[in-house]
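Peer 1: The structure under discussion is supplied below as structure tokens; questions concerning it will follow.
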Amino acid sequence: MAFTEIRRRAVGAMLEVKALHPVLQRVYAARGVSQSEELDLSLERLLPVGSLEGVEAAARLLAEHRGAGRVLVVGDFDADGATSSALVVRALRSMKFAHVDFLVPNRFRFGYGLTPEIVALAAQGKPSLIVTVDNGVSSIEGVDAARALGIAVLVTDHHLPGAVLPRADVMVNPNLAGATFGSRALAGVGVAFYVMAALARVLGDTEFRPADLLDLVALGTVADVVALDHNNRVLVAQGLRRIRAGRCVPGIRALLEAAGRRIEQISAADLGFAVAPRLNAAGRLTDMSIGIACLLADDVGVATRLAGELSRLNEERREIEQRMQLEAVDIAAGMRVDAVGAEAVGLCLFDETWHQGVVGLVAGRIKDRLHRPVVAFARGEDGVLRGSARSIAGVHIRDALDSIATRHPGLLVKFGGHAMAAGMTLLESDLERFRGAFAAEIAARADAETLTGVVHSDGELLDADLSVDTARILRGGGPWGQGFPEPVFDGEFKVVDARIVGSRHLKLQLRPVQSGPAVPADGAAGRHAGGRELKDGEAGSRAIDAIAFGYIGGAAEGVSMGPGKQVRVAYRLEVNEYRGVESVQLNCQHLVEIGR
């Protein structure tokens with residue numbers, strides 16, 4: 001069952017830049033780019049280091065521990081946390097700090113953040129300063145525990161603060177109340193980068209160059225799916241430039257090679273879909289220390305070995321996820337998801353065999369499939385369930401959980417998160433009560449419009465623009481990502497051939513039926529192909545390769561896509577390389593048979 005429609009983006013004022021391809025001009029205009037200066041992603045356009053509140057105080061605190069002190073970096077167990085940890089450790093060692101180490105919580109034993117238990121473990125190494133990266137703003141008890149032991153605490157984080165802040169010695173977070181920094185969308189690694197850049201200035205260290213660590217910043221920023229505002233686009237673009245030029249840490253190179261990516265051609269999508277999952281697999285299945293060690297390795301052989309281990313863990317994660325996803329689909333199939341106010345407007349899924357580290361991915365897959373907020377639970381210790389929630393635009397999942405906690409005191413043992421994702425713990429005996437409360441809360445917050453999935457399109461392409469050249473231009477127009485989405489186009493095609501490959505993917509050959517003008521004046525599609533007007537229903541002259549990844553088990557499963565069918569497709573225009581030959585390929589984001 002599909003709950004998705006293709007909706008074309010409104011196009012604002014077009015940039016008057018002659019050097020830009022007309023399709024790219026249209027894409028930028030649809031993303032609100034109105035000034036050519038917004039396309040300048042040089043390092044000089046980065047927001048000034050000193051404009052992030054707290055960085056100067058953080059630098060002074062760090063400088064106090066450069067000689068005799070012992071600095072311990074405490075990170076998070078995801079890719080943002082791993083890159084943040086590696087960046088700070090590398091930077092401090094480069095700036096001749098005497099004693100620097102890192103510690104990352106095991107998610108199954110300690111959970112998230114600087115907890116009192118993590119502080120007790122950290123204290124065994126007698127640190128004089130704990131630096132949190134990508135966490136800490138909600139670690140009230142942990143910070144108190146550290147200070148009670150005489151350990152100073154520097155919190156660097158980007159998550160939204162609660163009503164009460166930890167009593168850290170210094171805190172750097174662009175989302176603190178009253179902050180005026182120009183980019184609240186910094187990832188944890190971005191915050192860490194600014195702090196290290198400020199430290200280099202305070203120390204007057206001219207040998208250490210913060211820009212050399214932008215490969216780590218790019219990876220962590222893309223992996224954490226933060227909004228790519230202009231400042232983040234500068235960070236990512238500059239990091240990608242360094243990676244493509246081979247000026248990256250051996251661990252990133254090894255991870256890209258393990259994923260079969262050509263380093264000189266990588267894009268932000270390669271970091272997000274090839275490198276980040278390999279890092280995250282360590283935190284999901286075992287311990288993120290493996291991922292951090294890979295990013296810290298200076299020896300190519302060590303980096304290659306660790307990247308291989310991360311790839312093996314990622315394959316194991318994929319197998320676990322695929323099994324859990326099929327089981328989740330079966331569970332969801334028995335729930336009503338056909339109307340607002342029905343039993344499962346908010347889906348709550350549980351299986352006693354599910355893996356704690358993978359439930360978030362499963363929740364995300366089912367959310368994408370049915371366009372409903374989803375919580376997936378796994379069994380933890382001592383009779384508790386650990387859940388991971390994923391939401392849809394228009395339903396703030398953390399606020400929904402806060403409302404449930406208020407209406408049903410004691411139901412949630414612990415919860416936290418943000419608009420689109422959250423985590424929670426509850427007693428297994430309370431699962432049914434939570435399931436009802438969650439469904440009721442989501443039904444009160446969602447309507448038919450909210451529960452309709454939307455694929456946003458940049459309109460139709462001319463037949464002549466369905467080319468390798470256009471695909472290359474679009475790829476080079478990035479970096480693309482959250483808040484600055486990769487271009488998606490739509491059009492009608494006739495199916496020439498269709499077959500299943502790799503057991504789950506639909507391989508197609510499609511012939512354009514009609515292609516519209518680059519900028520439809522009235523929003524309606526025109527009838528042009530390479531300058532020649534086509535009659536309604538007339539097919540284009542050539543067949544184009546297309547691929548629909550995850551078609552089997554996806555929202556479109558069951559739709560017949562045999563030869564002769566006419567389909568509407570939302571797609572990304574890509575370059576496919578096979579045996580040294582490049583051709584254009586449509587990466588189908590959504591497809592539906594015309595008339596269904």
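The way I read the labels, and the way they are meant: chains A, B, ... in the order of the structure tokens, residue 1 as the first residue of every chain, and ligand 1 as the first ligand shown, with later ones counted on from there.
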Do a neighbour search on region 463-480 of chain A at 7 Å with only C-alpha atoms, toss out local chain neighbours closer than 4 positions, and write the hits as a PyMOL selection string.

Peer 2: chain A and resi 24+233+236-237+268+484-486+515+529-530+573-575+583-584

Peer 1: For the selection you just gave me, I'd like the residues written to a file as a short mmCIF file (atom, residue, chain, number, x, y, z; two decimals), in the first residue's frame, keeping all heavy atoms.

Peer 2:
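Result went into again-v5.cif, see below:
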```
data_model
loop_
_atom_site.label_atom_id
_atom_site.label_comp_id
_atom_site.auth_asym_id
_atom_site.auth_seq_id
_atom_site.Cartn_x
_atom_site.Cartn_y
_atom_site.Cartn_z
N LEU A 24 20.29 23.47 -13.63
CA LEU A 24 20.85 23.76 -12.32
C LEU A 24 20.33 25.10 -11.80
O LEU A 24 20.09 25.25 -10.59
CB LEU A 24 22.38 23.77 -12.41
CG LEU A 24 23.15 23.69 -11.09
CD1 LEU A 24 22.72 22.48 -10.27
CD2 LEU A 24 24.65 23.64 -11.35
N ARG A 233 27.36 23.72 4.17
CA ARG A 233 27.73 23.40 2.79
C ARG A 233 29.19 23.77 2.53
O ARG A 233 29.90 23.05 1.81
CB ARG A 233 26.82 24.13 1.80
CG ARG A 233 25.38 23.63 1.79
CD ARG A 233 24.57 24.25 0.66
NE ARG A 233 24.96 23.69 -0.61
CZ ARG A 233 25.18 24.39 -1.72
NH1 ARG A 233 25.05 25.71 -1.71
NH2 ARG A 233 25.53 23.80 -2.84
N VAL A 236 31.26 20.96 4.24
CA VAL A 236 31.21 19.71 3.48
C VAL A 236 31.93 19.84 2.15
O VAL A 236 32.70 18.95 1.76
CB VAL A 236 29.75 19.27 3.27
CG1 VAL A 236 29.68 18.06 2.34
CG2 VAL A 236 29.10 18.93 4.61
N ALA A 237 31.71 20.94 1.44
CA ALA A 237 32.37 21.13 0.14
C ALA A 237 33.88 21.14 0.29
O ALA A 237 34.60 20.53 -0.51
CB ALA A 237 31.89 22.42 -0.50
N ALA A 268 28.88 13.85 -1.56
CA ALA A 268 28.34 13.77 -0.20
C ALA A 268 27.53 12.48 -0.03
O ALA A 268 27.54 11.88 1.05
CB ALA A 268 27.48 15.00 0.09
N PHE A 484 19.01 20.80 1.75
CA PHE A 484 19.44 21.23 0.41
C PHE A 484 19.42 19.98 -0.45
O PHE A 484 20.45 19.47 -0.88
CB PHE A 484 20.84 21.85 0.47
CG PHE A 484 21.14 22.77 -0.68
CD1 PHE A 484 20.69 24.08 -0.70
CD2 PHE A 484 21.88 22.33 -1.76
CE1 PHE A 484 20.96 24.94 -1.76
CE2 PHE A 484 22.17 23.17 -2.82
CZ PHE A 484 21.70 24.48 -2.82
N PRO A 485 18.21 19.46 -0.70
CA PRO A 485 18.07 18.10 -1.23
C PRO A 485 18.59 17.92 -2.64
O PRO A 485 18.53 18.82 -3.47
CB PRO A 485 16.56 17.84 -1.16
CG PRO A 485 15.95 19.20 -1.18
CD PRO A 485 16.90 20.10 -0.46
N GLU A 486 19.09 16.71 -2.86
CA GLU A 486 19.56 16.34 -4.19
C GLU A 486 18.42 16.45 -5.19
O GLU A 486 17.27 16.10 -4.88
CB GLU A 486 20.10 14.91 -4.15
CG GLU A 486 20.82 14.48 -5.41
CD GLU A 486 21.55 13.16 -5.25
OE1 GLU A 486 21.59 12.63 -4.13
OE2 GLU A 486 22.08 12.68 -6.27
N SER A 515 8.29 15.12 -22.42
CA SER A 515 9.20 15.90 -21.60
C SER A 515 8.77 17.34 -21.64
O SER A 515 8.46 17.87 -22.70
CB SER A 515 10.65 15.79 -22.10
OG SER A 515 11.11 14.46 -21.95
N ALA A 529 10.56 17.49 -26.80
CA ALA A 529 11.68 16.57 -26.65
C ALA A 529 12.76 16.99 -27.63
O ALA A 529 12.61 16.83 -28.84
CB ALA A 529 11.24 15.13 -26.94
N GLY A 530 13.81 17.56 -27.07
CA GLY A 530 14.91 18.00 -27.92
C GLY A 530 14.45 19.04 -28.93
O GLY A 530 14.99 19.12 -30.02
N LEU A 573 18.85 11.76 -11.56
CA LEU A 573 19.62 11.54 -12.78
C LEU A 573 21.06 11.23 -12.39
O LEU A 573 21.72 12.03 -11.73
CB LEU A 573 19.57 12.79 -13.67
CG LEU A 573 19.98 12.61 -15.13
CD1 LEU A 573 18.97 11.74 -15.87
CD2 LEU A 573 20.10 13.97 -15.81
N GLU A 574 21.53 10.04 -12.78
CA GLU A 574 22.85 9.59 -12.34
C GLU A 574 23.68 9.08 -13.52
O GLU A 574 23.16 8.73 -14.57
CB GLU A 574 22.72 8.46 -11.31
CG GLU A 574 22.04 8.89 -10.03
CD GLU A 574 21.94 7.76 -9.02
OE1 GLU A 574 22.10 6.58 -9.42
OE2 GLU A 574 21.71 8.05 -7.84
N VAL A 575 24.99 9.03 -13.26
CA VAL A 575 25.92 8.41 -14.21
C VAL A 575 26.19 6.99 -13.73
O VAL A 575 26.61 6.78 -12.59
CB VAL A 575 27.24 9.19 -14.31
CG1 VAL A 575 28.20 8.48 -15.25
CG2 VAL A 575 26.98 10.62 -14.77
N SER A 583 27.03 5.66 -18.76
CA SER A 583 25.72 5.90 -19.38
C SER A 583 24.83 6.56 -18.34
O SER A 583 25.08 6.49 -17.13
CB SER A 583 25.10 4.58 -19.86
OG SER A 583 24.91 3.70 -18.77
N VAL A 584 23.78 7.19 -18.83
CA VAL A 584 22.85 7.84 -17.92
C VAL A 584 21.90 6.80 -17.34
O VAL A 584 21.53 5.82 -18.01
CB VAL A 584 22.07 8.96 -18.64
CG1 VAL A 584 21.10 8.40 -19.66
CG2 VAL A 584 21.34 9.84 -17.63
#
```

Peer 1: Give one line per residue of region 121-224 of chain A that approaches region 48-52 of chain A to at most 9 Å, naming the two atoms of the closest pair and their distance in Å to one decimal, counting only C-alpha atoms; sort by chain then ascending residue number and deliver it as a tab-separated table.

Peer 2:
```
residue	atom	partner	partner_atom	distance
A:Val172	CA	A:Leu52	CA	7.8
A:Asn173	CA	A:Leu52	CA	8.2
A:Pro174	CA	A:Leu52	CA	6.8
A:Ala179	CA	A:Leu52	CA	8.1
A:Thr180	CA	A:Leu52	CA	7.8
A:Phe181	CA	A:Leu52	CA	5.2
A:Gly182	CA	A:Ser51	CA	8.1
A:Ser183	CA	A:Leu52	CA	8.9
A:Val191	CA	A:Leu52	CA	8.5
A:Tyr194	CA	A:Val49	CA	5.7
A:Val195	CA	A:Val49	CA	8.0
A:Ala197	CA	A:Val49	CA	6.9
A:Ala198	CA	A:Val49	CA	6.4
```

Peer 1: Next, write the just-selected residues to a file, as an mmCIF file, in the first residue's frame, keeping C-alpha atoms as the atom set.

Peer 2:
```cif
data_model
loop_
_atom_site.group_PDB
_atom_site.id
_atom_site.type_symbol
_atom_site.label_atom_id
_atom_site.label_comp_id
_atom_site.auth_asym_id
_atom_site.auth_seq_id
_atom_site.Cartn_x
_atom_site.Cartn_y
_atom_site.Cartn_z
ATOM 1 C CA VAL A 172 29.776 25.181 23.602
ATOM 2 C CA ASN A 173 26.511 24.553 21.778
ATOM 3 C CA PRO A 174 24.993 26.740 19.029
ATOM 4 C CA ALA A 179 22.977 31.920 21.178
ATOM 5 C CA THR A 180 23.483 34.208 18.183
ATOM 6 C CA PHE A 181 25.818 32.052 16.080
ATOM 7 C CA GLY A 182 24.700 32.049 12.470
ATOM 8 C CA SER A 183 24.343 28.275 12.062
ATOM 9 C CA VAL A 191 31.190 22.294 16.951
ATOM 10 C CA TYR A 194 35.278 25.395 15.798
ATOM 11 C CA VAL A 195 36.622 24.690 19.292
ATOM 12 C CA ALA A 197 40.289 26.201 15.562
ATOM 13 C CA ALA A 198 39.836 28.587 18.506
#
```

Peer 1: Rank nothing, just name the residue among A:Asp330, A:Asp497, A:Asp402, A:Asp80 nearest to Asn280 (chain A), using only C-alpha atoms.

Peer 2: A:Asp80

Peer 1: Using only C-alpha atoms, determine which residues lie at most 7 Å from region 145-151 of chain A, disregarding the query and same-chain residues fewer than 5 positions distant; provide the list as a list in words.

Peer 2: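 That gives Pro116, Val119, Pro127, Ser128, Leu129 and Ile130 of chain A.
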
Peer 1: Calculated over only C-alpha atoms, which of the candidates A:Phe377, A:Phe102, A:Phe350, A:Tyr28 has the smallest distance to Ala82 (chain A)?

Peer 2: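 Looking only at the distances to Ala82 (chain A), the closest residue turns out to be A:Phe102.
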
Peer 1: Write out as a ChimeraX atom specification which residues come within 12 Å of Gln482 (chain A) when counting only C-alpha atoms, dropping same-chain ones fewer than 6 positions away.

Peer 2: /A:31,185,221-230,232-233,268-269,272

Peer 1: Please, could you write that set of residues out with N, CA, C and O atoms as a tab-separated table (two decimals), in the first residue's frame?

Peer 2:
```
chain	number	residue	atom	x	y	z
A	31	ARG	N	15.38	25.92	-4.34
A	31	ARG	CA	15.91	25.78	-2.99
A	31	ARG	C	16.18	27.12	-2.33
A	31	ARG	O	16.88	27.21	-1.32
A	185	ALA	N	22.60	24.70	12.81
A	185	ALA	CA	22.58	23.35	12.23
A	185	ALA	C	23.92	22.64	12.30
A	185	ALA	O	24.06	21.54	11.78
A	221	THR	N	29.28	15.55	9.35
A	221	THR	CA	28.14	16.44	9.05
A	221	THR	C	27.13	15.74	8.15
A	221	THR	O	25.92	15.79	8.40
A	222	VAL	N	27.61	15.08	7.10
A	222	VAL	CA	26.71	14.36	6.20
A	222	VAL	C	26.06	13.19	6.92
A	222	VAL	O	24.86	12.94	6.79
A	223	ALA	N	26.86	12.45	7.70
A	223	ALA	CA	26.35	11.26	8.37
A	223	ALA	C	25.24	11.59	9.37
A	223	ALA	O	24.32	10.79	9.56
A	224	ASP	N	25.33	12.75	10.01
A	224	ASP	CA	24.34	13.09	11.03
A	224	ASP	C	23.08	13.71	10.44
A	224	ASP	O	22.16	14.05	11.18
A	225	VAL	N	23.03	13.88	9.13
A	225	VAL	CA	21.85	14.36	8.41
A	225	VAL	C	21.35	15.68	8.98
A	225	VAL	O	20.15	15.90	9.13
A	226	VAL	N	22.28	16.57	9.33
A	226	VAL	CA	21.89	17.91	9.75
A	226	VAL	C	21.61	18.75	8.51
A	226	VAL	O	22.02	18.40	7.40
A	227	ALA	N	20.89	19.83	8.69
A	227	ALA	CA	20.54	20.69	7.55
A	227	ALA	C	21.79	21.30	6.94
A	227	ALA	O	22.64	21.85	7.65
A	228	LEU	N	21.89	21.21	5.62
A	228	LEU	CA	23.02	21.81	4.94
A	228	LEU	C	22.72	23.27	4.62
A	228	LEU	O	22.43	23.65	3.49
A	229	ASP	N	22.79	24.10	5.69
A	229	ASP	CA	22.73	25.54	5.47
A	229	ASP	C	24.03	25.96	4.80
A	229	ASP	O	24.91	25.13	4.53
A	230	HIS	N	24.19	27.25	4.53
A	230	HIS	CA	25.36	27.67	3.77
A	230	HIS	C	26.66	27.33	4.50
A	230	HIS	O	27.63	26.87	3.89
A	232	ASN	N	27.28	24.90	6.67
A	232	ASN	CA	27.55	23.46	6.58
A	232	ASN	C	27.92	23.05	5.16
A	232	ASN	O	28.73	22.12	4.97
A	233	ARG	N	27.36	23.72	4.17
A	233	ARG	CA	27.73	23.40	2.79
A	233	ARG	C	29.19	23.77	2.53
A	233	ARG	O	29.90	23.05	1.81
A	268	ALA	N	28.88	13.85	-1.56
A	268	ALA	CA	28.34	13.77	-0.20
A	268	ALA	C	27.53	12.48	-0.03
A	268	ALA	O	27.54	11.88	1.05
A	269	ALA	N	26.83	12.06	-1.08
A	269	ALA	CA	26.03	10.83	-0.99
A	269	ALA	C	26.91	9.61	-0.70
A	269	ALA	O	26.49	8.70	0.01
A	272	GLY	N	27.49	9.56	2.92
A	272	GLY	CA	26.28	9.22	3.66
A	272	GLY	C	25.85	7.78	3.51
A	272	GLY	O	25.35	7.17	4.47
```

Peer 1: So the first atom is CA of Asp169 (chain A) and the second is CA of Pro105 (chain A); what is the distance between them in Å, to one decimal place?

Peer 2: 21.6 Å

Peer 1: Name the residues in contact with Arg93 (chain A) at a cut-off of 12 Å, using only C-alpha atoms, excluding same-chain residues fewer than 2 positions from it; report them as an NGL selection string.

Peer 2: :A and (66-67 or 70-72 or 86-91 or 95-102 or 196 or 200 or 208 or 296)

Peer 1: Which residues are near Ala437 (chain A)? Cut-off 12 Å, only C-alpha atoms, ignore same chain within fewer than 2 positions. Put them as a compact mmCIF listing (two decimals) with N, CA and C atoms, in the first residue's frame.

Peer 2:
```txt
# COMPACT_ATOMS: atom_id res chain seq x y z
N GLU A 343 -6.37 2.39 14.34
CA GLU A 343 -5.55 1.78 15.37
C GLU A 343 -4.06 2.10 15.22
N ALA A 344 -3.57 2.13 13.99
CA ALA A 344 -2.13 2.22 13.80
C ALA A 344 -1.71 3.44 13.00
N VAL A 345 -2.28 4.59 13.29
CA VAL A 345 -1.74 5.82 12.73
C VAL A 345 -0.32 6.01 13.25
N GLY A 346 -0.10 5.62 14.50
CA GLY A 346 1.24 5.53 15.06
C GLY A 346 1.54 4.07 15.30
N LEU A 347 2.57 3.53 14.66
CA LEU A 347 2.86 2.10 14.74
C LEU A 347 3.86 1.80 15.86
N CYS A 348 3.56 0.78 16.63
CA CYS A 348 4.42 0.36 17.74
C CYS A 348 4.73 -1.12 17.54
N ALA A 400 5.67 14.49 21.20
CA ALA A 400 4.61 13.50 21.39
C ALA A 400 4.92 12.62 22.60
N LEU A 401 6.17 12.21 22.75
CA LEU A 401 6.55 11.40 23.90
C LEU A 401 6.44 12.20 25.20
N ASP A 402 6.78 13.47 25.15
CA ASP A 402 6.64 14.32 26.34
C ASP A 402 5.18 14.40 26.77
N SER A 403 4.28 14.51 25.79
CA SER A 403 2.85 14.56 26.10
C SER A 403 2.38 13.23 26.71
N ILE A 404 2.87 12.11 26.16
CA ILE A 404 2.51 10.81 26.71
C ILE A 404 3.00 10.68 28.15
N ALA A 405 4.22 11.14 28.40
CA ALA A 405 4.78 11.07 29.75
C ALA A 405 3.96 11.91 30.73
N THR A 406 3.42 13.03 30.25
CA THR A 406 2.61 13.90 31.11
C THR A 406 1.24 13.27 31.38
N ARG A 407 0.65 12.71 30.34
CA ARG A 407 -0.69 12.12 30.48
C ARG A 407 -0.67 10.78 31.21
N HIS A 408 0.46 10.07 31.12
CA HIS A 408 0.57 8.73 31.72
C HIS A 408 1.84 8.67 32.59
N PRO A 409 1.80 9.29 33.76
CA PRO A 409 3.00 9.34 34.61
C PRO A 409 3.54 7.94 34.90
N LEU A 411 4.80 5.83 32.84
CA LEU A 411 4.77 4.89 31.71
C LEU A 411 6.13 4.81 31.03
N LEU A 412 6.76 5.94 30.81
CA LEU A 412 8.08 5.98 30.20
C LEU A 412 9.15 6.10 31.28
N ASP A 430 4.42 -2.84 30.30
CA ASP A 430 3.66 -1.64 29.93
C ASP A 430 3.55 -1.45 28.43
N LEU A 431 3.98 -2.43 27.64
CA LEU A 431 4.01 -2.25 26.20
C LEU A 431 2.63 -1.98 25.62
N GLU A 432 1.63 -2.77 25.99
CA GLU A 432 0.30 -2.58 25.43
C GLU A 432 -0.29 -1.22 25.81
N ARG A 433 -0.02 -0.80 27.03
CA ARG A 433 -0.52 0.51 27.46
C ARG A 433 0.16 1.62 26.65
N PHE A 434 1.45 1.46 26.41
CA PHE A 434 2.15 2.46 25.61
C PHE A 434 1.65 2.44 24.17
N ARG A 435 1.41 1.25 23.63
CA ARG A 435 0.94 1.15 22.24
C ARG A 435 -0.34 1.94 22.04
N ALA A 439 -0.60 5.47 19.78
CA ALA A 439 -1.52 5.58 18.64
C ALA A 439 -2.47 6.75 18.83
N ALA A 440 -2.98 6.92 20.06
CA ALA A 440 -3.92 8.02 20.32
C ALA A 440 -3.22 9.37 20.19
N GLU A 441 -1.99 9.47 20.66
CA GLU A 441 -1.26 10.74 20.60
C GLU A 441 -0.94 11.13 19.16
N ILE A 442 -0.53 10.16 18.35
CA ILE A 442 -0.22 10.46 16.96
C ILE A 442 -1.49 10.81 16.19
N ALA A 443 -2.59 10.10 16.47
CA ALA A 443 -3.86 10.40 15.80
C ALA A 443 -4.31 11.82 16.10
N ALA A 444 -4.02 12.30 17.31
CA ALA A 444 -4.41 13.66 17.68
C ALA A 444 -3.54 14.71 17.00
```

Peer 1: Which neighbours of region 35-37 of chain A fall inside 9 Å, counting only C-alpha atoms, when residues of the same chain fewer than 2 positions from it are skipped, and could you give them as an mmCIF file with C-alpha atoms, in the first residue's frame?

Peer 2:
```cif
data_model
loop_
_atom_site.group_PDB
_atom_site.id
_atom_site.type_symbol
_atom_site.label_atom_id
_atom_site.label_comp_id
_atom_site.auth_asym_id
_atom_site.auth_seq_id
_atom_site.Cartn_x
_atom_site.Cartn_y
_atom_site.Cartn_z
ATOM 1 C CA LEU A 15 19.731 33.318 -10.688
ATOM 2 C CA GLU A 16 21.161 35.362 -13.532
ATOM 3 C CA VAL A 17 24.418 33.445 -13.827
ATOM 4 C CA VAL A 33 19.128 30.433 -3.698
ATOM 5 C CA LEU A 39 27.075 29.554 -4.383
ATOM 6 C CA ASP A 40 30.487 30.622 -3.069
ATOM 7 C CA LEU A 41 31.649 27.689 -0.913
#
```

Peer 1: Using DSSP on the backbone, list every residue of region 51-100 of chain A that comes out as alpha helix (DSSP H), and give them as a VMD selection string.

Peer 2: chain A and resid 55 to 63 79 to 94

Peer 1: Output N, CA, C and O atoms for every residue in that selection, as a compact mmCIF listing (two decimals), in the first residue's frame.

Peer 2:
```txt
# COMPACT_ATOMS: atom_id res chain seq x y z
N VAL A 55 33.60 29.42 22.49
CA VAL A 55 34.81 28.77 21.98
C VAL A 55 36.08 29.35 22.61
O VAL A 55 37.05 28.61 22.83
N GLU A 56 36.08 30.63 22.89
CA GLU A 56 37.28 31.23 23.49
C GLU A 56 37.49 30.68 24.90
O GLU A 56 38.61 30.32 25.29
N ALA A 57 36.41 30.59 25.69
CA ALA A 57 36.51 30.04 27.04
C ALA A 57 36.91 28.58 26.98
O ALA A 57 37.70 28.09 27.80
N ALA A 58 36.38 27.85 26.02
CA ALA A 58 36.74 26.44 25.86
C ALA A 58 38.22 26.30 25.53
O ALA A 58 38.91 25.42 26.07
N ALA A 59 38.73 27.17 24.66
CA ALA A 59 40.13 27.11 24.28
C ALA A 59 41.04 27.39 25.48
O ALA A 59 42.06 26.72 25.67
N ARG A 60 40.66 28.37 26.30
CA ARG A 60 41.47 28.70 27.47
C ARG A 60 41.47 27.52 28.47
O ARG A 60 42.50 27.21 29.07
N LEU A 61 40.30 26.89 28.65
CA LEU A 61 40.23 25.74 29.55
C LEU A 61 41.11 24.59 29.04
O LEU A 61 41.85 23.97 29.81
N LEU A 62 41.03 24.32 27.76
CA LEU A 62 41.87 23.27 27.18
C LEU A 62 43.35 23.57 27.35
O LEU A 62 44.15 22.69 27.70
N ALA A 63 43.72 24.83 27.13
CA ALA A 63 45.14 25.22 27.21
C ALA A 63 45.71 24.96 28.59
O ALA A 63 46.90 24.64 28.73
N ALA A 79 28.30 7.96 13.86
CA ALA A 79 29.36 8.48 13.00
C ALA A 79 29.74 9.91 13.34
O ALA A 79 30.91 10.29 13.23
N ASP A 80 28.76 10.73 13.74
CA ASP A 80 29.09 12.09 14.15
C ASP A 80 29.97 12.05 15.39
O ASP A 80 30.97 12.77 15.49
N GLY A 81 29.62 11.20 16.35
CA GLY A 81 30.43 11.07 17.55
C GLY A 81 31.82 10.54 17.26
O GLY A 81 32.82 10.97 17.85
N ALA A 82 31.91 9.58 16.33
CA ALA A 82 33.22 9.00 15.98
C ALA A 82 34.12 10.02 15.31
O ALA A 82 35.31 10.15 15.64
N THR A 83 33.58 10.77 14.35
CA THR A 83 34.39 11.78 13.67
C THR A 83 34.76 12.91 14.63
O THR A 83 35.87 13.44 14.57
N SER A 84 33.83 13.29 15.52
CA SER A 84 34.13 14.32 16.51
C SER A 84 35.26 13.89 17.42
O SER A 84 36.19 14.65 17.71
N SER A 85 35.19 12.64 17.89
CA SER A 85 36.23 12.11 18.78
C SER A 85 37.59 12.09 18.07
O SER A 85 38.60 12.54 18.63
N ALA A 86 37.60 11.56 16.85
CA ALA A 86 38.86 11.47 16.11
C ALA A 86 39.42 12.86 15.83
O ALA A 86 40.64 13.08 15.93
N LEU A 87 38.57 13.81 15.50
CA LEU A 87 39.02 15.17 15.20
C LEU A 87 39.69 15.80 16.41
O LEU A 87 40.78 16.37 16.31
N VAL A 88 39.05 15.72 17.58
CA VAL A 88 39.60 16.35 18.77
C VAL A 88 40.90 15.66 19.21
O VAL A 88 41.88 16.33 19.55
N VAL A 89 40.92 14.34 19.19
CA VAL A 89 42.14 13.62 19.57
C VAL A 89 43.29 13.98 18.63
O VAL A 89 44.41 14.28 19.05
N ARG A 90 43.02 13.97 17.32
CA ARG A 90 44.06 14.33 16.35
C ARG A 90 44.54 15.77 16.56
O ARG A 90 45.75 16.05 16.52
N ALA A 91 43.60 16.68 16.77
CA ALA A 91 43.96 18.09 16.93
C ALA A 91 44.80 18.30 18.18
O ALA A 91 45.84 18.98 18.14
N LEU A 92 44.38 17.74 19.31
CA LEU A 92 45.12 17.94 20.55
C LEU A 92 46.51 17.32 20.48
O LEU A 92 47.50 17.90 20.95
N ARG A 93 46.60 16.15 19.87
CA ARG A 93 47.93 15.54 19.73
C ARG A 93 48.82 16.38 18.81
O ARG A 93 50.02 16.51 19.05
N SER A 94 48.22 16.93 17.76
CA SER A 94 48.99 17.78 16.84
C SER A 94 49.48 19.04 17.53
O SER A 94 50.55 19.57 17.19
```

Peer 1: For CA of Val581 (chain A) and CA of Ile547 (chain A), determine how far apart the two atoms are, in Å to one decimal place.

Peer 2: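 It comes out at 17.2 Å.
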
Peer 1: Of the candidates A:Glu309, A:Gln238, A:Ala376, A:Ala177, which one gets nearest to Ala332 (chain A) if we count only C-alpha atoms?

Peer 2: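 Using only C-alpha atoms, Ala332 (chain A) sits closest to A:Ala376.
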
Peer 1: How many Å separate CA of Arg568 (chain A) from CA of Ala328 (chain A)?

Peer 2: 28.6 Å
